[in-house]
>>> print(open('model.cif').read())   # mmCIF, C-alpha atoms
data_start
#
loop_
_atom_site.label_atom_id
_atom_site.label_comp_id
_atom_site.auth_asym_id
_atom_site.auth_seq_id
_atom_site.Cartn_x
_atom_site.Cartn_y
_atom_site.Cartn_z
CA MET A 1 45.20 40.26 -5.87
CA ARG A 2 43.17 37.65 -4.03
CA GLY A 3 40.27 38.17 -6.39
CA LEU A 4 42.54 37.67 -9.37
CA VAL A 5 43.76 34.30 -8.14
CA GLN A 6 40.31 33.06 -7.17
CA THR A 7 38.81 33.94 -10.52
CA ALA A 8 41.72 32.82 -12.69
CA SER A 9 40.83 30.38 -15.43
CA THR A 10 41.83 26.76 -14.90
CA GLY A 11 43.21 26.81 -18.43
CA PRO A 12 46.36 28.56 -19.65
CA ALA A 13 46.64 32.31 -19.45
CA ALA A 14 46.59 32.55 -23.24
CA ASP A 15 42.94 31.41 -23.06
CA GLY A 16 42.05 33.68 -20.13
CA GLU A 17 39.68 36.61 -20.19
CA PRO A 18 41.34 39.99 -20.74
CA ARG A 19 41.13 42.26 -17.72
CA GLY A 20 42.91 45.18 -16.08
CA THR A 21 45.13 44.98 -13.02
CA ALA A 22 43.73 46.18 -9.70
CA PRO A 23 45.43 49.06 -7.89
CA GLY A 24 48.28 47.82 -5.74
CA SER A 25 48.48 44.37 -7.34
CA VAL A 26 51.98 42.90 -7.51
CA PHE A 27 53.40 40.24 -9.81
CA MET A 28 56.65 38.29 -10.01
CA ARG A 29 58.69 36.89 -12.85
CA PHE A 30 61.16 34.01 -12.50
CA THR A 31 64.00 33.54 -14.98
CA ALA A 32 67.37 31.88 -15.26
CA TYR A 33 68.75 34.97 -16.98
CA LEU A 34 69.99 38.09 -15.27
CA ASN A 35 69.82 39.87 -18.63
CA ASP A 36 66.10 39.15 -19.06
CA ARG A 37 65.31 40.33 -22.58
CA ARG A 38 61.63 40.85 -21.77
CA ILE A 39 62.50 43.78 -19.52
CA THR A 40 62.88 47.03 -21.40
CA PRO A 41 65.64 49.56 -20.77
CA GLU A 42 62.89 51.71 -19.21
CA LYS A 43 62.14 48.92 -16.70
CA GLY A 44 58.84 47.79 -18.16
CA LEU A 45 57.76 44.49 -19.70
CA LEU A 46 57.52 43.90 -23.44
CA PRO A 47 54.09 42.94 -24.85
CA GLY A 48 53.37 39.24 -24.51
CA THR A 49 55.45 38.66 -21.37
CA TYR A 50 54.54 36.10 -18.70
CA ALA A 51 54.74 36.47 -14.92
CA THR A 52 52.91 35.12 -11.87
CA THR A 53 51.07 36.71 -9.00
CA GLU A 54 52.93 37.78 -5.88
CA GLU A 55 50.68 35.45 -3.91
CA ASP A 56 51.59 32.44 -6.03
CA SER A 57 55.28 33.29 -5.91
CA ARG A 58 55.32 32.89 -2.12
CA VAL A 59 55.44 29.10 -2.40
CA VAL A 60 58.52 29.23 -4.64
CA ALA A 61 61.70 29.36 -2.57
CA THR A 62 64.26 28.11 -5.08
CA GLY A 63 65.06 28.29 -8.77
CA GLU A 64 64.32 24.58 -9.19
CA GLN A 65 60.91 25.00 -7.57
CA ALA A 66 60.12 27.73 -10.09
CA VAL A 67 61.02 25.39 -12.97
CA GLU A 68 58.60 22.77 -11.60
CA ARG A 69 55.68 25.04 -10.68
CA TYR A 70 55.74 27.00 -13.93
CA ALA A 71 56.63 23.95 -16.09
CA LEU A 72 59.62 25.64 -17.64
CA PRO A 73 61.41 23.79 -20.46
CA ASN A 74 64.75 25.25 -19.41
CA PRO A 75 66.22 23.00 -16.69
CA MET A 76 68.49 25.79 -15.48
CA PRO A 77 67.16 26.98 -12.09
CA ALA A 78 65.15 30.19 -12.49
CA VAL A 79 66.94 31.93 -9.66
CA TYR A 80 66.25 35.53 -10.66
CA ARG A 81 62.94 36.88 -9.38
CA PHE A 82 61.85 40.25 -10.73
CA ARG A 83 59.00 42.22 -9.15
CA ILE A 84 56.36 43.92 -11.28
CA ASP A 85 54.18 46.75 -9.98
CA PRO A 86 51.96 47.52 -12.97
CA LYS A 87 49.90 50.65 -13.23
CA PRO A 88 46.21 50.08 -12.39
CA GLY A 89 44.26 48.84 -15.37
CA THR A 90 47.19 47.18 -17.11
CA SER A 91 45.82 44.60 -19.55
CA HIS A 92 46.52 40.96 -18.71
CA GLN A 93 45.10 37.44 -18.86
CA ALA A 94 45.39 34.95 -16.00
CA GLY A 95 45.36 31.16 -15.96
CA VAL A 96 47.00 28.05 -14.58
CA VAL A 97 50.27 26.55 -15.86
CA GLN A 98 49.53 23.25 -17.56
CA PRO A 99 51.74 20.16 -17.06
CA ALA A 100 54.59 20.17 -19.59
CA TYR A 101 58.21 19.21 -20.12
CA GLY A 102 57.98 16.60 -17.37
CA HIS A 103 56.84 19.16 -14.80
CA VAL A 104 53.53 19.27 -12.95
CA GLY A 105 52.90 22.99 -13.38
CA GLY A 106 49.93 24.21 -11.38
CA GLY A 107 51.19 27.71 -10.70
CA VAL A 108 49.27 30.83 -11.63
CA GLU A 109 50.46 32.41 -14.85
CA VAL A 110 49.71 35.94 -15.95
CA LEU A 111 50.22 37.15 -19.50
CA PHE A 112 50.74 40.88 -19.93
CA THR A 113 49.40 41.12 -23.42
CA ALA A 114 50.46 44.72 -23.95
CA GLY A 115 53.41 44.68 -21.56
CA THR A 116 53.75 47.13 -18.69
CA ALA A 117 54.76 50.77 -18.50
CA GLY A 118 58.26 51.96 -17.64
CA ASP A 119 59.43 51.93 -14.04
CA THR A 120 57.23 48.96 -13.18
CA VAL A 121 59.93 46.28 -12.92
CA SER A 122 62.44 46.04 -10.09
CA GLY A 123 64.99 43.54 -8.85
CA PRO A 124 66.05 40.88 -9.22
CA THR A 125 66.13 39.01 -5.96
CA VAL A 126 68.45 36.02 -6.31
CA LEU A 127 67.06 32.71 -5.00
CA PRO A 128 68.99 29.56 -4.08
CA GLU A 129 69.23 27.09 -6.97
CA ALA A 130 67.80 24.18 -4.95
CA MET B 1 71.60 20.42 -27.78
CA ARG B 2 71.60 24.10 -27.09
CA ARG B 3 72.87 26.70 -29.54
CA ARG B 4 73.02 30.45 -29.37
CA LEU B 5 70.82 32.25 -31.89
CA PRO B 6 72.38 34.77 -34.26
CA SER B 7 71.54 38.31 -33.19
CA GLU B 8 69.04 38.94 -35.99
CA TRP B 9 66.85 36.06 -34.78
CA SER B 10 67.20 37.11 -31.16
CA LYS B 11 66.04 40.58 -32.12
CA LEU B 12 63.08 39.16 -34.02
CA LEU B 13 62.00 36.94 -31.12
CA THR B 14 62.35 39.72 -28.58
CA GLY B 15 59.58 41.49 -30.47
CA LEU B 16 57.24 38.49 -30.36
CA PRO B 17 55.15 37.19 -27.43
CA GLU B 18 56.34 34.47 -25.09
CA SER B 19 54.84 30.98 -24.91
CA GLY B 20 55.44 30.79 -21.16
CA MET B 21 57.56 32.49 -18.54
CA GLY B 22 60.98 33.02 -20.09
CA TYR B 23 60.59 30.96 -23.23
CA GLN B 24 59.09 30.80 -26.70
CA ARG B 25 58.13 27.76 -28.76
CA VAL B 26 59.24 28.15 -32.34
CA ASP B 27 59.33 26.40 -35.70
CA ILE B 28 62.69 26.62 -37.43
CA ARG B 29 63.42 26.32 -41.14
CA PHE B 30 67.04 25.71 -42.01
CA SER B 31 68.83 26.77 -45.19
CA ASP B 32 68.92 23.17 -46.47
CA GLY B 33 65.11 23.13 -46.38
CA SER B 34 64.75 20.97 -43.30
CA VAL B 35 62.27 22.04 -40.65
CA GLN B 36 62.21 21.45 -36.92
CA ARG B 37 58.96 22.24 -35.12
CA ASP B 38 58.14 23.22 -31.55
CA CYS B 39 61.64 23.97 -30.31
CA PRO B 40 62.02 25.99 -27.11
CA VAL B 41 64.01 29.21 -27.15
CA PHE B 42 65.13 30.62 -23.81
CA ASN B 43 65.39 34.35 -23.25
CA ALA B 44 65.14 34.86 -27.03
CA GLU B 45 68.78 33.81 -27.34
CA GLU B 46 69.30 30.09 -26.72
CA LEU B 47 67.66 27.48 -28.95
CA GLU B 48 67.21 23.83 -27.99
CA VAL B 49 67.38 21.50 -31.01
CA PRO B 50 68.39 17.90 -31.72
CA ASP B 51 72.10 17.45 -32.32
CA GLN B 52 71.75 17.10 -36.10
CA PHE B 53 70.54 20.72 -36.28
CA ALA B 54 73.31 22.14 -34.15
CA THR B 55 75.33 23.75 -36.93
CA LYS B 56 72.78 24.24 -39.72
CA GLU B 57 72.21 27.78 -40.89
CA ILE B 58 68.80 29.14 -39.89
CA ALA B 59 66.65 30.49 -42.72
CA ASP B 60 63.47 31.36 -40.84
CA VAL B 61 61.99 31.36 -37.33
CA LYS B 62 58.30 31.54 -36.49
CA LEU B 63 56.32 31.13 -33.30
CA HIS B 64 54.83 27.66 -32.92
CA GLY B 65 51.08 27.39 -32.37
CA ALA B 66 49.73 30.75 -33.39
CA GLY B 67 46.50 29.79 -31.66
CA ARG B 68 48.20 30.47 -28.34
CA LEU B 69 48.99 34.05 -29.23
CA PRO B 70 47.48 36.55 -26.77
CA ARG B 71 44.21 38.20 -27.54
CA THR B 72 44.34 41.75 -28.78
#
>>> encode(input="model.cif", output="structure tokens")
Amino acid sequence: MRGLVQTASTGPAADGEPRGTAPGSVFMRFTAYLNDRRITPEKGLLPGTYATTEEDSRVVATGEQAVERYALPNPMPAVYRFRIDPKPGTSHQAGVVQPAYGHVGGGVEVLFTAGTAGDTVSGPTVLPEA
Amino acid sequence: MRRRLPSEWSKLLTGLPESGMGYQRVDIRFSDGSVQRDCPVFNAEELEVPDQFATKEIADVKLHGAGRLPRT
């Protein structure tokens, strides 16, 4: 996990180098929607789904903070936090959220280019809005 | 303003990659031929467009900025 963050590109995840997840690495996904359509009925992620590292998520305590750190265009607080425990070697690209939509960004973003296997997504934990 | 996408477009977008956490940036072509580019769609179901596009029938939806698609 630590190695992932330290070596993440300073550009967006879409421009990051493809790599596989390390054993035991954990990721988080913030959304304003309880019925997150990127989560499959088998509790995996669809290909092309974004998340962040567990380490980066620690500084996000509210849904509004998630909107700011991940420069989300949806002003609704992203109060639902899903946990992702991908299988080792899951393909992803890492980067840094660029400023957009009036938000500073700066959070770590991780793009699961091929999604994740079933039974890798749990939650959500519900955060305060502000 | 925000409008809910018809189910066929939601289904299409669910099968396409995101542009960021929880959203996709799309180009929309409406049935009257008008086009609106780089509109955010949230959770593949809610589209943000200027008011004048609120009730127009959607003819096509494509991801904006194909250059940002993930590597394969």
>>> closest_residue(input="model.cif", among="A:Thr49, A:Thr116, A:Thr31, A:Gln98", to="A:Tyr80", atoms="only C-alpha atoms")
A:Thr31
>>> residues_around(input="model.cif", residues="A:Arg83", least_positions_apart="4", cutoff="12 Å", atoms="only C-alpha atoms", output="PyMOL selection string")
chain A and resi 25-31+39+43-45+51-55+57+116+119-126
>>> write_last_selection(input="model.cif", atoms="C-alpha atoms", output="compact mmCIF listing (two decimals), in the frame of the given file")
# COMPACT_ATOMS: atom_id res chain seq x y z
CA SER A 25 48.48 44.37 -7.34
CA VAL A 26 51.98 42.90 -7.51
CA PHE A 27 53.40 40.24 -9.81
CA MET A 28 56.65 38.29 -10.01
CA ARG A 29 58.69 36.89 -12.85
CA PHE A 30 61.16 34.01 -12.50
CA THR A 31 64.00 33.54 -14.98
CA ILE A 39 62.50 43.78 -19.52
CA LYS A 43 62.14 48.92 -16.70
CA GLY A 44 58.84 47.79 -18.16
CA LEU A 45 57.76 44.49 -19.70
CA ALA A 51 54.74 36.47 -14.92
CA THR A 52 52.91 35.12 -11.87
CA THR A 53 51.07 36.71 -9.00
CA GLU A 54 52.93 37.78 -5.88
CA GLU A 55 50.68 35.45 -3.91
CA SER A 57 55.28 33.29 -5.91
CA THR A 116 53.75 47.13 -18.69
CA ASP A 119 59.43 51.93 -14.04
CA THR A 120 57.23 48.96 -13.18
CA VAL A 121 59.93 46.28 -12.92
CA SER A 122 62.44 46.04 -10.09
CA GLY A 123 64.99 43.54 -8.85
CA PRO A 124 66.05 40.88 -9.22
CA THR A 125 66.13 39.01 -5.96
CA VAL A 126 68.45 36.02 -6.31
>>> interface_residues(input="model.cif", of="chain B", to="chain A", cutoff="12 Å", atoms="all atoms listed in the file", output="PyMOL selection string")
chain B and resi 1-2+10-25+38-48+65-72
>>> resolve_selection(input="model.cif", expression="the PyMOL selection byres ((chain B and resi 31) around 7)", output="NGL selection string")
:B and (29-30 or 32-33 or 57-59)
>>> atom_distance(input="model.cif", atom1="atom CA of A:Glu129", atom2="atom CA of A:Gln65")
8.6 Å
>>> resolve_selection(input="model.cif", expression="the PyMOL selection byres ((chain B and resi 62) around 6)", output="ChimeraX atom specification")
/B:26-27,61,63
>>> residues_around(input="model.cif", residues="A:Thr62", least_positions_apart="6", cutoff="8 Å", atoms="only C-alpha atoms", output="PDB file with C-alpha atoms, keeping the file's coordinate frame")
ATOM      1  CA  PRO A  77      67.160  26.980 -12.090  1.00  0.00           C
ATOM      2  CA  ALA A  78      65.150  30.190 -12.490  1.00  0.00           C
ATOM      3  CA  VAL A  79      66.940  31.930  -9.660  1.00  0.00           C
ATOM      4  CA  LEU A 127      67.060  32.710  -5.000  1.00  0.00           C
ATOM      5  CA  PRO A 128      68.990  29.560  -4.080  1.00  0.00           C
ATOM      6  CA  GLU A 129      69.230  27.090  -6.970  1.00  0.00           C
ATOM      7  CA  ALA A 130      67.800  24.180  -4.950  1.00  0.00           C
TER       8      ALA A 130
END
>>> axis_aligned_box(input="model.cif", around="stretch 67-74 of chain A", padding_each_side="5 Å", output="lines of an AutoDock Vina configuration file")
center_x = 60.2
center_y = 24.9
center_z = -15.6
size_x = 19.1
size_y = 14.2
size_z = 19.8
>>> resolve_selection(input="model.cif", expression="the PyMOL selection byres ((chain A and resi 106) around 6)", output="PyMOL selection string")
chain A and resi 69+96-97+105+107
>>> closest_residue(input="model.cif", among="A:Ala94, A:His103, A:Thr21, A:Ala117", to="A:Pro75", atoms="only C-alpha atoms")
A:His103
>>> atom_distance(input="model.cif", atom1="atom CA of A:Ala22", atom2="atom CA of A:Gly89")
6.3 Å
>>> atom_distance(input="model.cif", atom1="atom CA of A:Glu68", atom2="atom CA of A:Arg81")
14.9 Å
>>> decode(input="model.cif", residues="stretch 14-66 of chain B", atoms="C-alpha atoms", output="short mmCIF file (atom, residue, chain, number, x, y, z; two decimals), in the first residue's frame")
data_model
loop_
_atom_site.label_atom_id
_atom_site.label_comp_id
_atom_site.auth_asym_id
_atom_site.auth_seq_id
_atom_site.Cartn_x
_atom_site.Cartn_y
_atom_site.Cartn_z
CA THR B 14 -22.87 1.06 -16.91
CA GLY B 15 -20.88 -0.97 -19.41
CA LEU B 16 -18.43 1.85 -20.12
CA PRO B 17 -15.51 3.09 -17.98
CA GLU B 18 -15.81 5.97 -15.54
CA SER B 19 -14.11 9.34 -15.98
CA GLY B 20 -13.60 9.70 -12.23
CA MET B 21 -14.98 8.24 -9.03
CA GLY B 22 -18.72 7.91 -9.51
CA TYR B 23 -19.12 9.84 -12.74
CA GLN B 24 -18.68 9.77 -16.50
CA ARG B 25 -18.16 12.67 -18.89
CA VAL B 26 -20.28 12.25 -21.99
CA ASP B 27 -21.21 13.88 -25.27
CA ILE B 28 -24.94 13.86 -25.97
CA ARG B 29 -26.68 14.09 -29.33
CA PHE B 30 -30.35 14.94 -29.17
CA SER B 31 -33.04 13.91 -31.64
CA ASP B 32 -33.27 17.46 -33.03
CA GLY B 33 -29.60 17.22 -34.03
CA SER B 34 -28.24 19.45 -31.30
CA VAL B 35 -25.18 18.29 -29.41
CA GLN B 36 -24.01 18.99 -25.88
CA ARG B 37 -20.44 18.03 -25.04
CA ASP B 38 -18.70 17.10 -21.80
CA CYS B 39 -21.73 16.65 -19.59
CA PRO B 40 -21.30 14.78 -16.31
CA VAL B 41 -23.41 11.71 -15.62
CA PHE B 42 -23.61 10.49 -12.02
CA ASN B 43 -23.92 6.81 -11.22
CA ALA B 44 -24.80 6.17 -14.88
CA GLU B 45 -28.30 7.47 -14.20
CA GLU B 46 -28.40 11.24 -13.65
CA LEU B 47 -27.31 13.65 -16.40
CA GLU B 48 -26.38 17.28 -15.79
CA VAL B 49 -27.26 19.52 -18.75
CA PRO B 50 -28.21 23.15 -19.34
CA ASP B 51 -31.90 23.85 -18.88
CA GLN B 52 -32.63 24.06 -22.62
CA PHE B 53 -31.75 20.35 -22.95
CA ALA B 54 -33.87 19.21 -20.05
CA THR B 55 -36.70 17.67 -22.05
CA LYS B 56 -35.10 16.90 -25.42
CA GLU B 57 -35.10 13.29 -26.52
CA ILE B 58 -31.63 11.72 -26.45
CA ALA B 59 -30.47 10.12 -29.71
CA ASP B 60 -26.95 9.08 -28.76
CA VAL B 61 -24.53 9.09 -25.83
CA LYS B 62 -20.77 8.66 -26.06
CA LEU B 63 -17.93 9.03 -23.59
CA HIS B 64 -16.19 12.39 -23.83
CA GLY B 65 -12.43 12.40 -24.38
CA ALA B 66 -11.64 8.92 -25.56
#
